[in-house]
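One file, start31.tsv, carrying TSV, C-alpha atoms:
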```
chain	number	residue	atom	x	y	z
A	2	SER	CA	-40.83	-87.36	52.12
A	3	TYR	CA	-37.77	-89.60	52.28
A	4	PRO	CA	-34.33	-88.17	51.28
A	5	GLY	CA	-34.45	-89.91	47.89
A	6	GLU	CA	-37.89	-88.54	47.17
A	7	LEU	CA	-36.77	-85.05	48.24
A	8	ASP	CA	-33.79	-85.16	45.89
A	9	GLU	CA	-36.10	-86.20	43.06
A	10	GLU	CA	-38.46	-83.30	43.83
A	11	ILE	CA	-35.53	-80.86	43.75
A	12	ARG	CA	-34.35	-82.31	40.42
A	13	ILE	CA	-37.81	-82.00	38.87
A	14	ALA	CA	-38.24	-78.46	40.16
A	15	ARG	CA	-34.89	-77.45	38.71
A	16	GLU	CA	-35.70	-79.00	35.34
A	17	ARG	CA	-38.94	-77.02	35.25
A	18	GLU	CA	-37.10	-73.85	36.14
A	19	LEU	CA	-34.51	-74.50	33.42
A	20	GLU	CA	-37.24	-75.21	30.88
A	21	LYS	CA	-38.83	-71.84	31.63
A	22	VAL	CA	-35.45	-70.15	31.20
A	23	ARG	CA	-34.87	-71.96	27.90
A	24	GLU	CA	-38.28	-70.80	26.66
A	25	ALA	CA	-37.52	-67.22	27.70
A	26	HIS	CA	-34.17	-67.40	25.90
A	27	ALA	CA	-35.64	-68.97	22.76
A	28	ALA	CA	-36.11	-65.60	21.08
A	29	LEU	CA	-32.49	-64.59	21.73
A	30	ASP	CA	-29.81	-64.90	19.09
A	31	TRP	CA	-26.44	-66.34	19.98
A	32	PRO	CA	-23.85	-63.68	20.83
A	33	ILE	CA	-21.73	-62.28	18.03
A	34	ILE	CA	-18.25	-60.80	18.21
A	35	PRO	CA	-18.37	-57.29	19.72
A	36	LYS	CA	-16.63	-54.21	18.38
A	37	LEU	CA	-12.97	-53.72	19.20
A	38	ASN	CA	-13.72	-50.59	21.25
A	39	HIS	CA	-15.95	-47.50	21.28
A	40	VAL	CA	-13.86	-45.52	18.81
A	41	ASN	CA	-16.06	-44.52	15.88
A	42	LEU	CA	-14.41	-43.81	12.56
A	43	PRO	CA	-16.55	-43.45	9.39
A	44	GLY	CA	-16.50	-46.50	7.15
A	45	ILE	CA	-14.40	-48.67	9.50
A	46	GLU	CA	-15.88	-51.86	10.94
A	47	CYS	CA	-13.78	-52.69	14.00
A	48	CYS	CA	-14.38	-56.33	14.78
A	49	LEU	CA	-12.89	-59.57	13.53
A	50	ALA	CA	-14.60	-62.19	11.41
A	51	GLU	CA	-16.74	-64.76	13.23
A	52	THR	CA	-14.64	-67.40	14.98
A	53	VAL	CA	-17.37	-69.85	16.09
A	54	PRO	CA	-19.65	-71.32	13.38
A	55	GLU	CA	-23.41	-71.12	13.98
A	56	GLU	CA	-23.85	-74.88	14.17
A	57	ARG	CA	-21.07	-75.04	16.77
A	58	LYS	CA	-22.83	-72.32	18.77
A	59	ASP	CA	-26.01	-74.45	18.74
A	60	ASP	CA	-24.00	-77.26	20.28
A	61	ILE	CA	-21.77	-75.65	22.90
A	62	GLY	CA	-24.26	-72.90	23.78
A	63	GLN	CA	-26.27	-75.54	25.67
A	64	ILE	CA	-23.51	-75.72	28.29
A	65	ILE	CA	-25.05	-72.72	30.06
A	66	TYR	CA	-28.10	-74.87	30.94
A	67	GLU	CA	-26.16	-77.75	32.48
A	68	ASP	CA	-26.86	-78.56	36.12
A	69	ASP	CA	-23.16	-78.93	36.87
A	70	VAL	CA	-20.82	-77.76	34.10
A	71	SER	CA	-18.14	-80.35	33.39
A	72	ILE	CA	-14.52	-79.20	33.60
A	73	ASP	CA	-13.52	-81.98	31.21
A	74	GLU	CA	-16.06	-80.71	28.69
A	75	LEU	CA	-14.71	-77.18	28.95
A	76	ARG	CA	-11.15	-78.34	28.38
A	77	GLU	CA	-12.17	-79.90	25.06
A	78	LEU	CA	-13.17	-76.45	23.75
A	79	ASN	CA	-10.74	-74.26	21.86
A	80	ASP	CA	-9.97	-70.81	23.23
A	81	GLN	CA	-12.58	-68.92	21.22
A	82	GLU	CA	-15.27	-71.52	21.93
A	83	LEU	CA	-14.53	-71.22	25.64
A	84	LEU	CA	-14.79	-67.44	25.49
A	85	PHE	CA	-18.01	-67.74	23.48
A	86	VAL	CA	-19.57	-69.88	26.25
A	87	LEU	CA	-18.52	-67.30	28.84
A	88	THR	CA	-20.00	-64.50	26.71
A	89	THR	CA	-23.24	-66.47	26.32
A	90	PHE	CA	-23.49	-67.01	30.06
A	91	ASP	CA	-23.26	-63.26	30.65
A	92	GLU	CA	-25.52	-62.04	27.85
A	93	PHE	CA	-28.30	-64.59	28.39
A	94	ASP	CA	-28.26	-64.22	32.17
A	95	ARG	CA	-28.76	-60.47	31.79
A	96	GLU	CA	-31.97	-61.15	29.86
A	97	VAL	CA	-33.35	-63.91	32.10
A	98	PRO	CA	-31.34	-65.19	35.10
A	99	ILE	CA	-29.87	-68.67	34.69
A	100	PRO	CA	-30.07	-71.12	37.64
A	101	ASP	CA	-26.67	-71.62	39.30
A	102	TYR	CA	-25.22	-68.91	37.04
A	103	GLU	CA	-22.52	-67.79	39.47
A	104	ARG	CA	-21.22	-71.27	40.23
A	105	ASN	CA	-21.16	-72.57	36.66
A	106	ARG	CA	-19.99	-69.32	35.12
A	107	ARG	CA	-17.08	-69.32	37.58
A	108	LYS	CA	-15.99	-72.72	36.26
A	109	VAL	CA	-15.78	-71.35	32.72
A	110	TYR	CA	-13.97	-68.20	33.86
A	111	ASN	CA	-11.50	-70.23	35.94
A	112	GLU	CA	-10.66	-72.33	32.89
A	113	VAL	CA	-9.88	-69.13	30.94
A	114	ILE	CA	-7.62	-67.91	33.74
A	115	ARG	CA	-5.93	-71.32	33.93
A	116	ARG	CA	-5.10	-71.19	30.23
A	117	ILE	CA	-3.63	-67.72	30.56
A	118	ARG	CA	-1.62	-68.67	33.63
A	119	ASP	CA	-0.30	-71.88	32.05
A	120	ALA	CA	0.52	-70.39	28.65
A	121	GLU	CA	4.16	-70.54	27.63
A	122	ILE	CA	3.69	-67.88	24.96
A	123	LEU	CA	1.21	-65.02	24.67
A	124	TYR	CA	0.96	-62.28	22.07
A	125	VAL	CA	0.70	-58.67	23.22
A	126	ILE	CA	-0.14	-55.54	21.24
A	127	TYR	CA	2.57	-52.93	21.77
A	128	ASP	CA	2.60	-49.22	21.03
A	129	LYS	CA	5.48	-48.41	18.68
A	130	SER	CA	5.64	-44.82	19.90
A	131	THR	CA	6.50	-45.86	23.47
A	132	GLY	CA	7.91	-49.37	23.15
A	133	TYR	CA	5.52	-50.56	25.88
A	134	PRO	CA	2.21	-52.47	25.79
A	135	PHE	CA	-0.57	-50.53	24.09
A	136	ILE	CA	-3.33	-49.29	26.41
A	137	ASP	CA	-6.89	-49.23	25.05
A	138	HIS	CA	-9.24	-47.33	27.36
A	139	GLY	CA	-7.23	-48.47	30.38
A	140	TYR	CA	-6.71	-52.08	29.29
A	141	GLY	CA	-3.69	-54.04	28.08
A	142	LEU	CA	-4.33	-56.47	25.22
A	143	LEU	CA	-3.18	-60.11	25.29
A	144	TYR	CA	-3.93	-62.89	22.80
A	145	PHE	CA	-3.71	-66.67	22.83
A	146	GLY	CA	-2.82	-66.83	19.12
A	147	LYS	CA	-0.50	-64.84	16.87
A	148	GLU	CA	-2.85	-64.68	13.89
A	149	MET	CA	-5.69	-63.18	15.90
A	150	ALA	CA	-3.34	-60.67	17.55
A	151	GLU	CA	-2.09	-59.53	14.15
A	152	GLU	CA	-5.64	-59.22	12.80
A	153	ALA	CA	-6.60	-57.11	15.81
A	154	ALA	CA	-3.48	-54.97	15.36
A	155	GLU	CA	-4.59	-54.24	11.79
A	156	LEU	CA	-7.91	-52.97	13.14
A	157	TYR	CA	-6.07	-50.66	15.54
A	158	LYS	CA	-3.97	-49.36	12.67
A	159	LYS	CA	-7.20	-48.36	10.93
A	160	GLN	CA	-7.81	-46.21	14.01
A	161	TYR	CA	-4.41	-44.59	13.38
A	162	ARG	CA	-2.70	-46.37	16.27
A	163	GLN	CA	1.00	-47.11	15.87
A	164	VAL	CA	0.97	-50.70	17.06
A	165	MET	CA	2.75	-54.00	16.59
A	166	VAL	CA	2.42	-57.55	17.93
A	167	LYS	CA	5.07	-58.86	20.26
A	168	GLU	CA	5.51	-62.49	21.26
A	169	VAL	CA	6.24	-62.77	24.97
A	170	GLU	CA	7.36	-65.68	27.10
A	171	VAL	CA	5.27	-66.18	30.20
A	172	GLU	CA	7.79	-67.42	32.75
A	173	PRO	CA	6.50	-69.91	35.31
A	174	GLN	CA	5.87	-68.18	38.61
A	175	GLN	CA	8.63	-68.67	41.16
A	176	GLU	CA	8.78	-68.40	44.90
A	177	GLU	CA	9.69	-64.93	46.12
A	178	GLY	CA	13.41	-64.34	45.96
A	179	ALA	CA	14.01	-67.08	43.36
A	180	GLY	CA	15.54	-64.52	41.03
A	181	ARG	CA	13.25	-64.97	38.03
A	182	LYS	CA	10.36	-62.82	37.00
A	183	GLY	CA	7.39	-63.51	34.77
A	184	TYR	CA	5.77	-61.28	32.21
A	185	PHE	CA	2.93	-60.52	34.59
A	186	ASP	CA	5.47	-59.18	37.08
A	187	PHE	CA	6.61	-56.77	34.37
A	188	LEU	CA	2.99	-55.71	33.85
A	189	TYR	CA	2.78	-55.02	37.59
A	190	CYS	CA	5.86	-52.81	37.30
A	191	ILE	CA	4.27	-50.63	34.61
A	192	GLY	CA	0.94	-50.52	36.42
A	193	LEU	CA	-1.04	-52.50	33.84
A	194	GLU	CA	-3.56	-54.25	36.09
A	195	ASP	CA	-6.61	-54.37	33.80
A	196	LEU	CA	-6.27	-56.77	30.88
A	197	ILE	CA	-8.32	-58.28	28.05
A	198	ILE	CA	-7.65	-61.62	26.40
A	199	ASP	CA	-8.48	-61.79	22.66
A	200	ASN	CA	-9.95	-58.32	22.23
A	201	GLY	CA	-11.56	-57.96	18.81
A	202	ALA	CA	-13.07	-61.48	18.99
A	203	TYR	CA	-14.84	-63.27	21.85
A	204	ARG	CA	-12.99	-61.90	24.85
A	205	VAL	CA	-12.94	-61.50	28.60
A	206	LYS	CA	-11.59	-58.85	30.95
A	207	PHE	CA	-9.49	-59.96	33.89
A	208	LYS	CA	-7.10	-58.61	36.52
A	209	ARG	CA	-3.35	-59.07	36.40
A	210	ASP	CA	-3.24	-60.22	40.02
A	211	GLU	CA	-5.51	-63.16	39.12
A	212	ILE	CA	-2.48	-64.54	37.29
A	213	SER	CA	0.37	-63.41	39.52
A	214	ALA	CA	0.46	-61.72	42.92
A	215	ALA	CA	2.37	-58.47	43.30
A	216	PRO	CA	6.07	-59.36	43.12
A	217	GLY	CA	8.32	-59.09	46.13
A	218	GLU	CA	12.03	-58.57	45.70
A	219	TRP	CA	12.33	-59.35	41.98
A	220	ASN	CA	14.89	-57.31	40.11
A	221	ARG	CA	15.66	-55.10	43.09
A	222	VAL	CA	18.88	-53.26	42.26
A	223	ILE	CA	19.25	-51.95	45.79
A	224	LYS	CA	17.55	-52.95	48.99
A	225	ASP	CA	14.00	-51.59	49.17
A	226	ALA	CA	14.30	-50.09	45.68
A	227	PRO	CA	11.05	-48.36	44.76
A	228	VAL	CA	8.44	-49.39	42.27
A	229	ASN	CA	6.01	-46.81	40.92
A	230	PRO	CA	3.33	-48.72	39.00
A	231	GLN	CA	0.72	-45.96	39.14
A	232	LEU	CA	3.20	-43.40	37.87
A	233	CYS	CA	4.44	-45.67	35.06
A	234	PHE	CA	0.87	-46.38	33.95
A	235	SER	CA	-0.08	-42.71	33.96
A	236	MET	CA	3.04	-41.81	31.96
A	237	LEU	CA	2.28	-44.45	29.32
A	238	ASP	CA	-1.39	-43.53	29.16
A	239	MET	CA	-0.54	-39.86	28.70
A	240	LEU	CA	2.19	-40.50	26.10
A	241	GLU	CA	0.01	-42.77	23.99
A	242	GLU	CA	-2.85	-40.26	24.06
A	243	ARG	CA	-0.54	-37.40	23.13
A	244	ARG	CA	0.98	-39.33	20.22
A	245	TRP	CA	-2.32	-40.55	18.78
A	246	PRO	CA	-2.66	-38.43	15.59
A	247	VAL	CA	-6.42	-37.89	15.63
A	248	LYS	CA	-8.74	-35.08	16.60
A	249	TYR	CA	-11.91	-35.71	18.56
A	250	GLU	CA	-14.26	-33.82	20.84
A	251	LYS	CA	-12.75	-33.02	24.26
A	252	ARG	CA	-9.32	-34.34	23.26
A	253	ASP	CA	-7.59	-31.37	24.93
A	254	GLU	CA	-9.54	-31.86	28.15
A	255	ILE	CA	-8.83	-35.61	28.27
A	256	LEU	CA	-5.13	-35.08	27.61
A	257	ALA	CA	-4.99	-32.39	30.31
A	258	LEU	CA	-6.59	-34.77	32.83
A	259	LYS	CA	-4.09	-37.52	32.00
A	260	GLU	CA	-1.19	-35.10	32.36
A	261	LYS	CA	-2.56	-33.91	35.70
A	262	ARG	CA	-2.83	-37.50	36.95
A	263	MET	CA	0.76	-38.17	35.85
A	264	ILE	CA	2.06	-35.09	37.66
A	265	GLY	CA	0.22	-36.08	40.84
A	266	ASN	CA	1.82	-39.52	40.74
A	267	LEU	CA	5.17	-37.95	39.87
A	268	PHE	CA	5.25	-35.87	43.03
A	269	ASN	CA	4.33	-38.82	45.24
A	270	GLY	CA	6.96	-41.16	43.78
A	271	LYS	CA	10.35	-42.36	45.02
A	272	TYR	CA	13.18	-42.66	42.52
A	273	ILE	CA	16.45	-44.47	41.97
A	274	VAL	CA	19.18	-41.93	41.21
A	275	PRO	CA	22.69	-42.98	40.08
A	276	MET	CA	25.35	-41.05	41.99
A	277	GLN	CA	28.80	-40.96	43.54
A	278	TYR	CA	29.67	-39.27	46.80
A	279	GLU	CA	32.66	-38.22	48.88
A	280	GLY	CA	32.55	-37.83	52.61
A	281	HIS	CA	30.11	-39.21	55.15
A	282	ALA	CA	26.76	-40.56	54.01
A	283	GLU	CA	24.68	-43.44	55.29
A	284	LYS	CA	21.83	-45.34	53.76
A	285	THR	CA	18.63	-45.52	55.76
A	286	GLU	CA	16.45	-48.62	56.03
A	287	ASN	CA	14.25	-47.52	53.13
A	288	GLY	CA	17.23	-47.14	50.76
A	289	ARG	CA	17.51	-43.37	50.96
A	290	VAL	CA	20.79	-41.62	51.69
A	291	ARG	CA	21.27	-39.41	54.72
A	292	MET	CA	23.96	-36.86	53.89
A	293	GLY	CA	26.60	-35.63	56.22
A	294	LYS	CA	27.35	-31.93	56.56
A	295	ASP	CA	30.38	-32.08	54.24
A	296	THR	CA	29.20	-34.81	51.88
A	297	LYS	CA	29.80	-34.07	48.21
A	298	PHE	CA	27.61	-35.67	45.58
A	299	THR	CA	28.20	-36.26	41.89
A	300	PHE	CA	25.17	-37.29	39.87
A	301	PHE	CA	25.19	-39.18	36.60
A	302	MET	CA	24.02	-36.93	33.76
A	303	VAL	CA	22.71	-37.36	30.23
A	304	LYS	CA	23.18	-34.82	27.46
A	305	THR	CA	20.55	-34.15	24.81
A	306	ALA	CA	21.18	-33.39	21.14
A	307	ASP	CA	20.90	-29.67	21.88
A	308	ASP	CA	23.61	-29.92	24.59
A	309	LYS	CA	21.25	-29.65	27.55
A	310	ILE	CA	22.13	-31.53	30.75
A	311	PHE	CA	19.47	-33.67	32.43
A	312	MET	CA	19.61	-35.75	35.60
A	313	PRO	CA	18.30	-39.28	34.93
A	314	VAL	CA	15.96	-40.74	37.54
A	315	PHE	CA	14.37	-44.17	37.47
A	316	THR	CA	11.02	-45.42	38.67
A	317	ASP	CA	12.20	-48.97	39.46
A	318	GLY	CA	14.99	-51.49	39.14
A	319	PHE	CA	13.74	-52.68	35.76
A	320	GLU	CA	14.18	-49.22	34.23
A	321	PHE	CA	17.44	-48.57	36.08
A	322	GLY	CA	18.89	-51.81	34.70
A	323	LYS	CA	18.43	-50.61	31.12
A	324	MET	CA	21.19	-48.02	31.55
A	325	LYS	CA	23.88	-50.64	32.29
A	326	LEU	CA	25.99	-48.26	34.36
A	327	GLY	CA	29.42	-49.33	35.61
A	328	HIS	CA	30.13	-50.49	39.16
A	329	GLU	CA	31.62	-47.09	40.00
A	330	TRP	CA	28.08	-45.68	40.22
A	331	ASN	CA	26.05	-46.12	43.37
A	332	ALA	CA	22.27	-45.98	43.47
A	333	ALA	CA	20.18	-44.23	46.09
A	334	VAL	CA	16.49	-43.53	46.54
A	335	PHE	CA	15.26	-39.92	46.62
A	336	SER	CA	11.89	-38.21	46.77
A	337	PHE	CA	10.61	-35.78	44.16
A	338	SER	CA	11.36	-32.86	46.49
A	339	ASP	CA	14.95	-34.08	46.91
A	340	ILE	CA	15.37	-34.15	43.14
A	341	ALA	CA	13.90	-30.65	42.80
A	342	ARG	CA	16.74	-29.42	45.04
A	343	PHE	CA	19.44	-31.33	43.16
A	344	ILE	CA	18.67	-29.92	39.71
A	345	ARG	CA	19.07	-26.21	40.44
A	346	ASP	CA	22.19	-26.09	38.25
A	347	LYS	CA	20.87	-28.56	35.64
A	348	ASP	CA	18.46	-28.19	32.74
A	349	GLY	CA	16.00	-30.71	34.07
A	350	VAL	CA	15.16	-34.34	34.80
A	351	ALA	CA	15.01	-37.33	32.45
A	352	ILE	CA	12.53	-39.90	33.75
A	353	ASN	CA	13.48	-43.42	32.63
A	354	PRO	CA	15.67	-42.13	29.77
A	355	ALA	CA	16.05	-45.62	28.27
A	356	GLY	CA	12.32	-46.31	28.56
A	357	HIS	CA	9.55	-43.71	28.87
A	358	ARG	CA	11.99	-40.92	27.93
A	359	ILE	CA	10.12	-38.08	29.61
A	360	PHE	CA	12.32	-34.97	29.81
A	361	MET	CA	11.04	-32.26	32.14
A	362	PRO	CA	12.71	-28.82	32.43
A	363	LYS	CA	13.80	-27.79	35.89
A	364	GLU	CA	11.36	-24.87	35.92
A	365	GLN	CA	8.46	-27.31	35.64
A	366	ILE	CA	9.92	-29.62	38.30
A	367	ILE	CA	10.43	-26.74	40.74
A	368	ALA	CA	6.96	-25.35	40.03
A	369	ILE	CA	5.34	-28.75	40.67
A	370	ASP	CA	7.28	-29.17	43.90
A	371	SER	CA	6.37	-25.67	45.09
A	372	ALA	CA	2.68	-26.08	44.23
A	373	ASN	CA	2.46	-29.41	46.03
A	374	ARG	CA	4.23	-28.05	49.09
A	375	ASP	CA	1.76	-25.14	49.22
A	376	TYR	CA	-1.17	-27.54	48.77
A	377	ARG	CA	-0.01	-29.83	51.57
A	378	GLU	CA	0.62	-26.94	53.91
A	379	THR	CA	-2.86	-25.58	53.20
A	380	LYS	CA	-4.41	-29.00	53.88
A	381	ALA	CA	-2.40	-29.32	57.08
A	382	GLN	CA	-3.66	-25.93	58.27
A	383	GLN	CA	-7.24	-26.90	57.44
A	384	ASN	CA	-6.86	-30.15	59.36
A	385	ARG	CA	-5.42	-28.31	62.35
A	386	ARG	CA	-8.34	-25.87	62.34
A	387	ALA	CA	-10.78	-28.77	62.08
A	388	ASP	CA	-9.12	-30.44	65.07
A	389	ASP	CA	-9.30	-27.21	67.05
A	390	ASP	CA	-13.03	-26.95	66.29
A	391	ASN	CA	-13.70	-30.59	67.14
A	392	PRO	CA	-15.05	-30.76	70.72
A	393	VAL	CA	-14.27	-34.48	70.99
A	394	LYS	CA	-10.57	-33.99	70.20
A	395	ARG	CA	-10.42	-30.92	72.48
```
Whole structure given in structure tokens:
Amino acid sequence: SYPGELDEEIRIARERELEKVREAHAALDWPIIPKLNHVNLPGIECCLAETVPEERKDDIGQIIYEDDVSIDELRELNDQELLFVLTTFDEFDREVPIPDYERNRRKVYNEVIRRIRDAEILYVIYDKSTGYPFIDHGYGLLYFGKEMAEEAAELYKKQYRQVMVKEVEVEPQQEEGAGRKGYFDFLYCIGLEDLIIDNGAYRVKFKRDEISAAPGEWNRVIKDAPVNPQLCFSMLDMLEERRWPVKYEKRDEILALKEKRMIGNLFNGKYIVPMQYEGHAEKTENGRVRMGKDTKFTFFMVKTADDKIFMPVFTDGFEFGKMKLGHEWNAAVFSFSDIARFIRDKDGVAINPAGHRIFMPKEQIIAIDSANRDYRETKAQQNRRADDDNPVKR
């Protein structure tokens, strides 16, 4: 066969393959909008009204059978139509594989990501009880349009969630060190890496770092200031679960697991602590302070309504900046164990007092520190014994 004849044979073979797939799909109905989530409450239907008319589905649903999906064609679709095509790709391919599924599906997905990345405004569902983005089964919820976001928020309210819709500006991404940060940098800071666009209607899950890479030096109050995204996420996830006023099977166990995860992240974190000092002290390369023998420290304190004194500590520069402390206060980075030593004469620690507002009594802080020290020492001993028993290392 000549090259032209070979190309024609390939084209005919592909058309036959597609025809078989079309026939296999003929009994399938077009996708419909899925439920908001897996929360089941009697008498509550948790999905929005249909956003793509049936006759429109008949038209744009054929895109999944195209030999080479046209980017120009995709860009003529509205947001919900685009997400419908992506949903159709996935649901129909699961039933009977579609030729060139990966390549063509990627084009549709990339167009969704492009629209998110290029958006000037997005709408985010926030939890009123924390003041941070609402987390639904590990996901943050973003929307292209305000009306849809508000309709979805009403569905969450039927599930007894205290939520609201917030309009956010999506700053254009800058080169590292340019001094501006985008909304997706903020999401990195609070550890919200798993996201859904348009939940409650046709939707897609995506990763935060598909929109913006992990930020570098943005909003660093001091050199090498820490960020604690895993800790911030676990605090929010625990707080929202604790403040959800519903009872369900295994609620206590789930809440206990979330609290345990938060405490594990808490111990492993590094924190910005506002302080003043007299005498010799030098900052190390990682932002921590090495004290001299006669160095005297004064820590900034916050007082609660019941006259208890708590030491504020901050997970990152974003949270530290909320306090708007005067220039007379320095900032240094300390470990959890350092903080456990500093609070012996205080009532406890306030973690991000202008944000997450988690107040922990010193007895709990000291107990966590002691338990983790014992655990690490036990693991170290076990590792040493394993090395002693390893003939290769001997």
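Proximity of A:Ile340, A:Val205, A:Cys47, A:Ala25 to Lys158 in chain A, computed with all atoms listed in the file, is greatest for A:Cys47.
Our summary of the geometry notes that CA of Pro313 in chain A is positioned 18.7 Å from CA of Gly132 in chain A.
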- Using all atoms listed in the file, the residue out of A:Phe319, A:Phe337, A:Phe234, A:Phe90 with shortest distance to Asp186 in chain A is A:Phe319
- Item | Within-12 Å shell of (-18.1, -58.6, 20.5) in input frame, all atoms listed in the file, as a VMD selection string | chain A and resid 31 to 39 46 to 52 81 84 to 85 88 to 89 92 199 to 205
- Item | Within-8 Å shell of (5.7, -42.1, 31.9) in input frame, only C-alpha atoms, as a VMD selection string | chain A and resid 232 to 240 263 352 to 353 357 to 359
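Between CA of Arg95 in chain A and CA of Leu29 in chain A the interatomic distance comes to 11.5 Å.
Atom pair CA of Lys208 in chain A / CA of Arg115 in chain A: separated by 13.0 Å.
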Proximity check range 90-111 of chain A to range 56-68 of chain A, 8 Å, nearest pairs one decimal Å, all atoms listed in the file, as a tab-separated table:
```
residue	atom	partner	partner_atom	distance
A:Phe90	CA	A:Ile65	CA	5.9
A:Ile99	CA	A:Tyr66	CA	7.5
A:Pro100	CA	A:Tyr66	CA	7.9
A:Asp101	CA	A:Asp68	CA	7.6
A:Tyr102	CA	A:Ile65	CA	8.0
A:Asn105	CA	A:Ile65	CA	7.7
A:Arg106	CA	A:Ile65	CA	7.9
```
- Skip Val314 in chain A itself and residues of its chain fewer than 3 positions away, then list as a VMD selection string all residues within 12 Å of it, counting only C-alpha atoms. chain A and resid 227 267 270 to 276 300 to 303 311 317 to 318 320 to 322 324 332 to 337 339 to 341 343 to 344 349 to 361
If you keep C-alpha atoms, can you produce a file of those selected residues as a CSV table (one decimal), in the coordinates of the input?
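Dumped to result-v7.csv:
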```
chain,number,residue,atom,x,y,z
A,227,PRO,CA,11.0,-48.4,44.8
A,267,LEU,CA,5.2,-38.0,39.9
A,270,GLY,CA,7.0,-41.2,43.8
A,271,LYS,CA,10.4,-42.4,45.0
A,272,TYR,CA,13.2,-42.7,42.5
A,273,ILE,CA,16.4,-44.5,42.0
A,274,VAL,CA,19.2,-41.9,41.2
A,275,PRO,CA,22.7,-43.0,40.1
A,276,MET,CA,25.4,-41.0,42.0
A,300,PHE,CA,25.2,-37.3,39.9
A,301,PHE,CA,25.2,-39.2,36.6
A,302,MET,CA,24.0,-36.9,33.8
A,303,VAL,CA,22.7,-37.4,30.2
A,311,PHE,CA,19.5,-33.7,32.4
A,317,ASP,CA,12.2,-49.0,39.5
A,318,GLY,CA,15.0,-51.5,39.1
A,320,GLU,CA,14.2,-49.2,34.2
A,321,PHE,CA,17.4,-48.6,36.1
A,322,GLY,CA,18.9,-51.8,34.7
A,324,MET,CA,21.2,-48.0,31.6
A,332,ALA,CA,22.3,-46.0,43.5
A,333,ALA,CA,20.2,-44.2,46.1
A,334,VAL,CA,16.5,-43.5,46.5
A,335,PHE,CA,15.3,-39.9,46.6
A,336,SER,CA,11.9,-38.2,46.8
A,337,PHE,CA,10.6,-35.8,44.2
A,339,ASP,CA,15.0,-34.1,46.9
A,340,ILE,CA,15.4,-34.2,43.1
A,341,ALA,CA,13.9,-30.6,42.8
A,343,PHE,CA,19.4,-31.3,43.2
A,344,ILE,CA,18.7,-29.9,39.7
A,349,GLY,CA,16.0,-30.7,34.1
A,350,VAL,CA,15.2,-34.3,34.8
A,351,ALA,CA,15.0,-37.3,32.4
A,352,ILE,CA,12.5,-39.9,33.8
A,353,ASN,CA,13.5,-43.4,32.6
A,354,PRO,CA,15.7,-42.1,29.8
A,355,ALA,CA,16.0,-45.6,28.3
A,356,GLY,CA,12.3,-46.3,28.6
A,357,HIS,CA,9.6,-43.7,28.9
A,358,ARG,CA,12.0,-40.9,27.9
A,359,ILE,CA,10.1,-38.1,29.6
A,360,PHE,CA,12.3,-35.0,29.8
A,361,MET,CA,11.0,-32.3,32.1
```
- Item | Minimum-distance residue to Met149 in chain A, chosen among A:Ala226, A:Ile367, A:Val125, A:Leu19 (using all atoms listed in the file) | A:Val125
- Message: Need to verify the contact set: Ile198 in chain A, 9 Å, only C-alpha atoms, exclusion of same-chain residues closer than 4 positions in sequence. Can you return it as a ChimeraX atom specification?
- Response: /A:117,141-145,203-207
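Counting all atoms listed in the file, the residue from A:Ile126, A:Met312, A:Leu193, A:Leu256 that sits nearest to Val166 in chain A is A:Ile126.
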